[in-house]
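Text of model_30.csv (CSV, C-alpha atoms) as supplied:
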chain,number,residue,atom,x,y,z
A,1,MET,CA,-8.2,182.1,-221.9
A,2,SER,CA,-5.7,180.6,-224.3
A,3,THR,CA,-3.3,177.8,-223.2
A,4,ARG,CA,0.1,179.0,-222.1
A,5,GLN,CA,3.1,177.5,-223.8
A,6,ALA,CA,6.6,176.9,-222.5
A,7,LEU,CA,9.8,176.4,-224.4
A,8,SER,CA,12.0,173.7,-222.8
A,9,LEU,CA,15.7,173.6,-223.1
A,10,PHE,CA,15.7,169.9,-223.5
A,11,SER,CA,18.8,167.8,-223.1
A,12,GLY,CA,17.0,164.4,-223.1
A,13,GLY,CA,18.2,163.5,-219.6
A,14,LEU,CA,15.9,162.7,-216.7
A,15,ASP,CA,15.9,166.2,-215.2
A,16,SER,CA,14.7,167.8,-218.4
A,17,ILE,CA,12.1,165.1,-219.0
A,18,LEU,CA,10.7,165.6,-215.4
A,19,SER,CA,10.6,169.4,-215.9
A,20,VAL,CA,8.5,168.9,-219.0
A,21,LYS,CA,6.2,166.6,-217.2
A,22,ILE,CA,5.7,168.9,-214.2
A,23,ILE,CA,4.8,171.8,-216.4
A,24,GLU,CA,2.6,169.8,-218.7
A,25,GLU,CA,0.8,168.5,-215.6
A,26,GLN,CA,-0.3,172.1,-215.0
A,27,GLY,CA,-2.0,172.3,-218.4
A,28,VAL,CA,0.8,174.2,-220.1
A,29,ASP,CA,1.8,173.1,-223.6
A,30,VAL,CA,5.6,172.5,-224.0
A,31,ILE,CA,7.8,172.4,-227.0
A,32,GLY,CA,11.4,171.4,-226.8
A,33,VAL,CA,14.6,172.8,-228.3
A,34,PHE,CA,18.0,171.2,-228.4
A,35,PHE,CA,21.0,173.4,-229.2
A,36,GLU,CA,23.5,171.3,-231.2
A,37,SER,CA,27.2,171.7,-232.0
A,38,PRO,CA,30.1,169.4,-232.8
A,39,PHE,CA,30.5,169.0,-229.0
A,40,PHE,CA,27.1,167.8,-228.1
A,41,SER,CA,24.8,165.6,-230.3
A,42,SER,CA,21.0,165.7,-230.4
A,43,GLU,CA,20.7,161.9,-230.5
A,44,LYS,CA,19.7,161.4,-226.8
A,45,ALA,CA,17.4,164.4,-226.8
A,46,SER,CA,15.6,163.2,-230.0
A,47,GLN,CA,15.1,159.7,-228.5
A,48,SER,CA,13.8,161.0,-225.2
A,49,ALA,CA,11.5,163.6,-226.9
A,50,TYR,CA,10.0,160.8,-229.1
A,51,CYS,CA,9.4,158.6,-226.0
A,52,ILE,CA,7.4,161.3,-224.2
A,53,GLY,CA,5.7,162.8,-227.2
A,54,LEU,CA,7.5,166.1,-227.0
A,55,PRO,CA,7.8,168.2,-230.2
A,56,LEU,CA,11.5,169.0,-230.5
A,57,GLN,CA,13.4,171.4,-232.6
A,58,VAL,CA,17.2,170.9,-233.1
A,59,VAL,CA,19.1,174.1,-233.7
A,60,ASP,CA,22.8,174.2,-234.7
A,61,ILE,CA,24.5,176.9,-232.7
A,62,THR,CA,28.1,176.2,-233.8
A,63,ASP,CA,28.8,179.7,-235.2
A,64,ARG,CA,27.7,181.4,-232.0
A,65,PHE,CA,29.2,178.9,-229.6
A,66,LEU,CA,32.8,178.5,-231.0
A,67,PRO,CA,33.9,182.0,-230.0
A,68,ILE,CA,32.8,181.2,-226.4
A,69,VAL,CA,34.8,178.0,-226.4
A,70,LEU,CA,37.9,179.9,-227.6
A,71,SER,CA,37.5,182.7,-225.1
A,72,PRO,CA,34.9,182.3,-222.4
A,73,ARG,CA,34.0,185.2,-220.1
A,74,HIS,CA,33.8,182.8,-217.2
A,75,CYS,CA,36.1,179.9,-216.3
A,76,TYR,CA,36.4,176.5,-217.9
A,77,GLY,CA,35.5,173.3,-216.1
A,78,LYS,CA,37.8,170.3,-215.9
A,79,GLY,CA,38.2,170.3,-219.7
A,80,LEU,CA,37.5,173.1,-222.2
A,81,ASN,CA,33.8,173.3,-221.1
A,82,PRO,CA,32.7,176.9,-220.5
A,83,CYS,CA,29.5,175.7,-218.8
A,84,ILE,CA,28.4,179.1,-217.4
A,85,ASP,CA,28.9,180.9,-220.7
A,86,CYS,CA,27.3,178.0,-222.5
A,87,HIS,CA,24.1,178.0,-220.4
A,88,LYS,CA,23.9,181.8,-220.8
A,89,LEU,CA,24.0,181.5,-224.5
A,90,MET,CA,21.4,178.7,-224.7
A,91,LEU,CA,19.0,180.7,-222.5
A,92,ARG,CA,19.6,183.8,-224.5
A,93,LEU,CA,18.9,181.9,-227.7
A,94,GLY,CA,15.8,180.3,-226.1
A,95,GLY,CA,14.6,183.7,-225.2
A,96,GLU,CA,15.1,184.9,-228.7
A,97,MET,CA,12.9,182.0,-229.9
A,98,LEU,CA,9.9,182.7,-227.6
A,99,LYS,CA,8.1,185.1,-229.9
A,100,GLU,CA,8.5,183.0,-233.1
A,101,GLU,CA,7.4,179.9,-231.3
A,102,GLY,CA,4.5,181.6,-229.6
A,103,ALA,CA,5.8,180.6,-226.2
A,104,ASP,CA,5.5,182.5,-223.0
A,105,PHE,CA,8.4,181.4,-220.9
A,106,ILE,CA,11.4,179.0,-220.8
A,107,ILE,CA,11.9,176.0,-218.6
A,108,SER,CA,15.2,174.2,-217.8
A,109,GLY,CA,16.0,171.0,-216.0
A,110,GLU,CA,18.8,172.5,-213.9
A,111,VAL,CA,18.9,171.4,-210.3
A,112,LEU,CA,20.4,173.7,-207.6
A,113,GLY,CA,23.7,172.2,-206.3
A,114,GLN,CA,23.8,169.3,-208.7
A,115,ARG,CA,26.9,170.7,-210.4
A,116,PRO,CA,29.1,172.7,-208.0
A,117,MET,CA,30.5,175.1,-210.5
A,118,SER,CA,27.6,175.9,-212.9
A,119,GLN,CA,24.5,175.1,-210.8
A,120,ASN,CA,25.1,176.9,-207.4
A,121,LEU,CA,22.8,179.7,-206.5
A,122,ARG,CA,25.2,182.4,-207.6
A,123,SER,CA,25.9,180.8,-211.0
A,124,LEU,CA,22.2,180.1,-211.7
A,125,SER,CA,21.4,183.8,-210.9
A,126,LEU,CA,24.2,185.1,-213.0
A,127,ILE,CA,23.2,182.8,-215.9
A,128,SER,CA,19.6,183.9,-215.8
A,129,HIS,CA,20.4,187.6,-215.4
A,130,ASP,CA,23.1,187.7,-218.2
A,131,SER,CA,20.8,185.8,-220.6
A,132,GLY,CA,18.6,188.9,-220.8
A,133,PHE,CA,15.4,186.8,-220.0
A,134,ASN,CA,15.8,186.5,-216.2
A,135,ASP,CA,12.2,186.7,-215.1
A,136,LEU,CA,11.0,184.2,-217.8
A,137,ILE,CA,13.3,181.4,-216.9
A,138,LEU,CA,11.7,178.7,-214.7
A,139,ARG,CA,13.6,175.8,-213.2
A,140,PRO,CA,10.7,173.5,-212.1
A,141,LEU,CA,12.8,171.0,-210.1
A,142,SER,CA,14.4,173.7,-207.8
A,143,ALA,CA,11.8,176.5,-208.0
A,144,HIS,CA,11.1,176.6,-204.3
A,145,ARG,CA,14.7,177.4,-203.6
A,146,LEU,CA,15.0,180.1,-206.2
A,147,PRO,CA,13.4,183.6,-206.6
A,148,GLU,CA,9.8,183.6,-207.9
A,149,THR,CA,9.6,184.1,-211.6
A,150,LEU,CA,7.0,185.8,-213.8
A,151,PRO,CA,5.2,182.6,-214.8
A,152,GLU,CA,4.6,182.0,-211.1
A,153,LYS,CA,3.7,185.5,-210.2
A,154,LYS,CA,1.2,185.7,-213.1
A,155,GLY,CA,-0.3,182.3,-212.2
A,156,TRP,CA,0.7,180.7,-215.5
A,157,VAL,CA,2.0,177.9,-213.3
A,158,MET,CA,1.2,177.2,-209.6
A,159,ARG,CA,4.4,177.5,-207.5
A,160,GLU,CA,3.1,175.1,-204.9
A,161,ARG,CA,3.1,172.3,-207.6
A,162,LEU,CA,6.8,172.9,-208.4
A,163,LEU,CA,9.6,171.4,-206.5
A,164,GLY,CA,12.6,172.4,-204.3
A,165,LEU,CA,15.2,169.8,-205.1
A,166,SER,CA,18.9,170.5,-204.4
A,167,GLY,CA,22.1,168.5,-204.3
A,168,ARG,CA,23.5,165.6,-206.3
A,169,SER,CA,21.3,162.8,-205.1
A,170,ARG,CA,19.2,161.2,-207.9
A,171,LYS,CA,16.7,159.5,-205.6
A,172,PRO,CA,14.0,162.2,-205.7
A,173,GLN,CA,14.1,162.2,-209.5
A,174,ILE,CA,13.9,158.4,-209.7
A,175,GLU,CA,10.9,158.4,-207.4
A,176,LEU,CA,9.2,161.2,-209.5
A,177,ALA,CA,9.9,159.2,-212.7
A,178,LYS,CA,8.0,156.3,-211.1
A,179,LYS,CA,5.1,158.7,-210.4
A,180,PHE,CA,4.9,159.7,-214.0
A,181,GLY,CA,5.2,156.1,-215.2
A,182,LEU,CA,8.6,156.7,-216.8
A,183,LYS,CA,10.4,153.3,-217.0
A,184,GLU,CA,13.1,154.0,-219.4
A,185,TYR,CA,15.3,157.1,-219.4
A,186,PRO,CA,19.0,157.8,-220.1
A,187,ALA,CA,21.5,157.2,-217.4
A,188,PRO,CA,23.0,160.5,-216.1
A,189,ALA,CA,26.1,161.3,-218.2
A,190,GLY,CA,27.8,164.4,-219.4
A,191,GLY,CA,27.2,164.2,-223.2
A,192,CYS,CA,29.4,167.2,-223.8
A,193,LEU,CA,32.7,166.3,-225.4
A,194,LEU,CA,34.3,169.5,-223.9
A,195,THR,CA,34.1,167.9,-220.5
A,196,GLU,CA,36.2,164.9,-221.6
A,197,VAL,CA,39.9,165.2,-220.8
A,198,ALA,CA,41.2,163.4,-223.9
A,199,PHE,CA,39.0,165.4,-226.3
A,200,SER,CA,39.9,168.7,-224.6
A,201,ARG,CA,43.6,167.9,-224.9
A,202,ARG,CA,43.1,167.3,-228.7
A,203,LEU,CA,41.1,170.5,-229.1
A,204,LYS,CA,43.8,172.5,-227.2
A,205,ASP,CA,46.4,171.1,-229.6
A,206,LEU,CA,44.2,172.0,-232.6
A,207,ILE,CA,43.6,175.6,-231.4
A,208,SER,CA,47.2,176.2,-230.7
A,209,ARG,CA,48.5,174.8,-234.0
A,210,ASP,CA,45.8,175.9,-236.4
A,211,PRO,CA,43.7,178.9,-235.2
A,212,LYS,CA,41.8,178.8,-238.6
A,213,PHE,CA,40.6,175.2,-238.0
A,214,SER,CA,37.4,174.1,-239.6
A,215,ARG,CA,34.4,172.1,-238.5
A,216,ARG,CA,35.9,169.1,-240.2
A,217,ASP,CA,39.0,169.4,-238.0
A,218,ILE,CA,36.7,169.3,-234.9
A,219,GLU,CA,34.9,166.2,-236.2
A,220,LEU,CA,38.2,164.4,-236.7
A,221,LEU,CA,39.0,164.9,-233.0
A,222,LYS,CA,36.3,162.4,-232.1
A,223,TRP,CA,37.8,159.5,-233.9
A,224,GLY,CA,41.0,157.4,-233.7
A,225,ARG,CA,44.3,157.9,-232.0
A,226,HIS,CA,46.0,161.3,-232.7
A,227,PHE,CA,49.8,161.8,-233.1
A,228,ARG,CA,51.5,165.2,-233.5
A,229,ILE,CA,54.6,164.9,-235.7
A,230,ASN,CA,55.4,168.6,-236.0
A,231,GLU,CA,53.6,171.9,-236.0
A,232,GLY,CA,51.9,171.3,-239.3
A,233,VAL,CA,51.5,167.5,-239.4
A,234,LYS,CA,49.1,165.3,-237.5
A,235,ILE,CA,48.5,161.5,-237.9
A,236,ILE,CA,45.1,160.0,-237.1
A,237,VAL,CA,44.9,156.2,-236.7
A,238,GLY,CA,41.6,154.4,-236.7
A,239,ARG,CA,41.1,152.1,-233.7
A,240,ASP,CA,38.3,149.9,-235.2
A,241,GLN,CA,36.0,149.6,-238.2
A,242,LYS,CA,33.7,152.5,-237.1
A,243,ASP,CA,36.8,154.8,-236.6
A,244,ASN,CA,38.0,153.8,-240.1
A,245,ARG,CA,34.6,154.5,-241.7
A,246,MET,CA,34.3,157.9,-240.0
A,247,ILE,CA,37.9,158.9,-240.8
A,248,THR,CA,37.3,157.9,-244.4
A,249,SER,CA,34.2,160.1,-244.6
A,250,LEU,CA,36.1,163.1,-243.4
A,251,ILE,CA,39.0,163.0,-245.9
A,252,LYS,CA,39.5,166.2,-247.9
A,253,ALA,CA,41.8,167.3,-250.7
A,254,GLY,CA,45.4,167.4,-249.7
A,255,ASP,CA,45.1,164.7,-247.0
A,256,THR,CA,47.3,161.6,-247.2
A,257,VAL,CA,45.7,158.3,-246.4
A,258,LEU,CA,47.6,155.1,-245.6
A,259,THR,CA,46.5,151.5,-245.4
A,260,VAL,CA,48.3,148.2,-245.0
A,261,GLU,CA,47.9,146.0,-248.1
A,262,SER,CA,48.2,142.5,-246.7
A,263,PHE,CA,46.8,142.6,-243.2
A,264,PRO,CA,43.7,144.0,-241.4
A,265,GLY,CA,44.6,147.3,-240.0
A,266,PRO,CA,43.7,151.0,-239.5
A,267,THR,CA,42.8,153.7,-241.9
A,268,VAL,CA,45.4,156.4,-241.2
A,269,LEU,CA,44.8,160.0,-242.2
A,270,VAL,CA,47.6,162.5,-242.3
A,271,THR,CA,47.0,166.3,-242.4
A,272,GLY,CA,49.7,168.6,-243.6
A,273,LYS,CA,52.7,168.3,-245.9
A,274,LEU,CA,55.0,165.3,-245.2
A,275,SER,CA,58.7,165.0,-245.8
A,276,SER,CA,60.1,161.7,-247.0
A,277,GLU,CA,61.2,160.8,-243.4
A,278,GLU,CA,57.7,161.7,-242.1
A,279,ILE,CA,56.1,159.5,-244.8
A,280,GLN,CA,58.2,156.6,-243.5
A,281,LEU,CA,57.2,157.3,-239.9
A,282,ALA,CA,53.5,157.4,-240.8
A,283,ALA,CA,53.9,154.2,-242.7
A,284,SER,CA,55.6,152.5,-239.7
A,285,ILE,CA,52.8,153.7,-237.4
A,286,THR,CA,50.3,152.2,-239.9
A,287,VAL,CA,52.0,148.8,-239.8
A,288,SER,CA,52.5,148.8,-236.1
A,289,TYR,CA,48.8,149.3,-235.4
A,290,SER,CA,47.8,146.6,-238.0
A,291,ASP,CA,47.8,142.8,-237.5
A,292,ALA,CA,51.3,142.5,-238.9
A,293,ALA,CA,53.9,141.1,-236.6
A,294,ILE,CA,56.5,143.3,-234.9
A,295,GLY,CA,59.6,143.3,-236.9
A,296,GLN,CA,57.8,142.4,-240.1
A,297,LYS,CA,58.3,144.7,-243.2
A,298,VAL,CA,55.1,145.3,-244.9
A,299,ALA,CA,53.8,147.2,-248.0
A,300,VAL,CA,51.8,150.3,-247.1
A,301,GLN,CA,49.6,152.0,-249.8
A,302,LEU,CA,49.4,155.8,-249.7
A,303,LYS,CA,46.9,157.9,-251.5
A,304,ARG,CA,46.8,161.7,-251.8
A,305,ASP,CA,44.1,163.1,-254.1
A,306,SER,CA,44.5,161.1,-257.3
A,307,GLN,CA,48.0,159.9,-256.6
A,308,TYR,CA,48.8,156.4,-255.3
A,309,TRP,CA,52.2,154.9,-254.3
A,310,THR,CA,53.6,152.2,-252.0
A,311,VAL,CA,56.3,152.1,-249.4
A,312,LEU,CA,57.7,149.3,-247.3
A,313,ALA,CA,57.6,149.9,-243.5
A,314,LEU,CA,58.6,148.0,-240.4
A,315,GLY,CA,56.2,147.2,-237.6
A,316,ILE,CA,57.6,148.2,-234.2
A,317,LYS,CA,56.4,148.4,-230.6
A,318,LYS,CA,53.6,150.9,-230.2
A,319,SER,CA,55.3,152.3,-227.1
A,320,ASN,CA,57.9,153.9,-229.4
A,321,PHE,CA,55.2,156.3,-230.6
A,322,GLN,CA,53.8,157.1,-227.2
A,323,GLN,CA,55.6,160.5,-226.9
A,324,LEU,CA,53.9,161.7,-230.1
A,325,MET,CA,50.4,160.9,-229.0
A,326,ILE,CA,48.1,163.8,-228.2
How would this structure read if it were set down as structure tokens?
Amino acid sequence: MSTRQALSLFSGGLDSILSVKIIEEQGVDVIGVFFESPFFSSEKASQSAYCIGLPLQVVDITDRFLPIVLSPRHCYGKGLNPCIDCHKLMLRLGGEMLKEEGADFIISGEVLGQRPMSQNLRSLSLISHDSGFNDLILRPLSAHRLPETLPEKKGWVMRERLLGLSGRSRKPQIELAKKFGLKEYPAPAGGCLLTEVAFSRRLKDLISRDPKFSRRDIELLKWGRHFRINEGVKIIVGRDQKDNRMITSLIKAGDTVLTVESFPGPTVLVTGKLSSEEIQLAASITVSYSDAAIGQKVAVQLKRDSQYWTVLALGIKKSNFQQLMI
């Protein structure tokens, strides 16, 4: 009899690591998949997969995920996170990959009751059913509290060697990690930018002002301070050297870039067409977030495509711009 193979929806967190270990312990080969978008990076998953020797595929799902972010069938969480719809999509995509990967079933590190909105019994059942692969979705950490799945019925895995965890306590997982000899694993954290209040606020602003936004526009939301000047103009101010580098890497034709000539300071990117008054405002913001003194008039260099010019601007208190911040 050939060895069974499972496809793990692998986030890289402790729960997904333990799910892989529990299934591997039963002689099942496991391959991992991480579904990536601008809102969740594969970095943690790749590191964890490397540490436990798990083959991992990273699949970009941006095109299929964005419509769900804009109009989820089920509710958002605290931010713009459509967790139930997101999990349904990932399980559906995992199911679609089973044949091409030669896998028999899907495993997920979800724990019943760990997240009140998306991991209660009703939500887990809804997610599995609507994915279209209900009977092939096994959650090893909470299997004893959930309906028996096909892998258990067929004897591909032994149900008695699965677990029945529930709730938000991490103690059982930590003890299990010790059993498997896992000494280093990521601390529990969201990882999804859509759960972050500040990022969600910026994304809402982008969606409402520019329905035809691009992936570049989403990437810009991750960096700097954001100021909305009018319907068509936004100013992004780097907070540190990393912000400055990332903002510089995302410049496109038509953007206006401002820097202070004589003092360390931010890279400032402006999207949209600027009036002369708005140019002066952007220059003043640039000076105010530089090392120039308040009240000091400083030269600011502006660049748009191949054009360069300089304006003088006064540094003022940052609180004067607070009402413009997104």
From the set A:Leu165, A:Leu274, A:Met325, A:Val30, which residue has the shortest atom-to-atom contact distance to Ala198 in chain A, counting all atoms listed in the file?
A:Met325
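Across the model, the gap from CA of His129 in chain A to CA of Ala45 in chain A is 26.0 Å.
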Proximity to Ile285 in chain A - best of A:Leu163, A:Ile174, A:Ile23, A:Leu324, all atoms listed in the file:
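Of A:Leu163, A:Ile174, A:Ile23, A:Leu324, the one nearest Ile285 in chain A is A:Leu324, counting all atoms listed in the file.
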Show me, as a ChimeraX atom specification, the residues that have an atom within 10 Å of Leu221 in chain A when counting only C-alpha atoms, minus same-chain residues fewer than 5 positions from it.
/A:38,193,198-203,206,216,226,236,247
Using only C-alpha atoms, which residue out of A:Arg170, A:Lys153, A:Arg115, A:Arg159 lies closest to Arg139 in chain A?
A:Arg159
Shortest interatomic distance to Arg215 in chain A - which of A:Val311, A:Val20, A:Leu66, A:Cys75, counting all atoms listed in the file:
A:Leu66
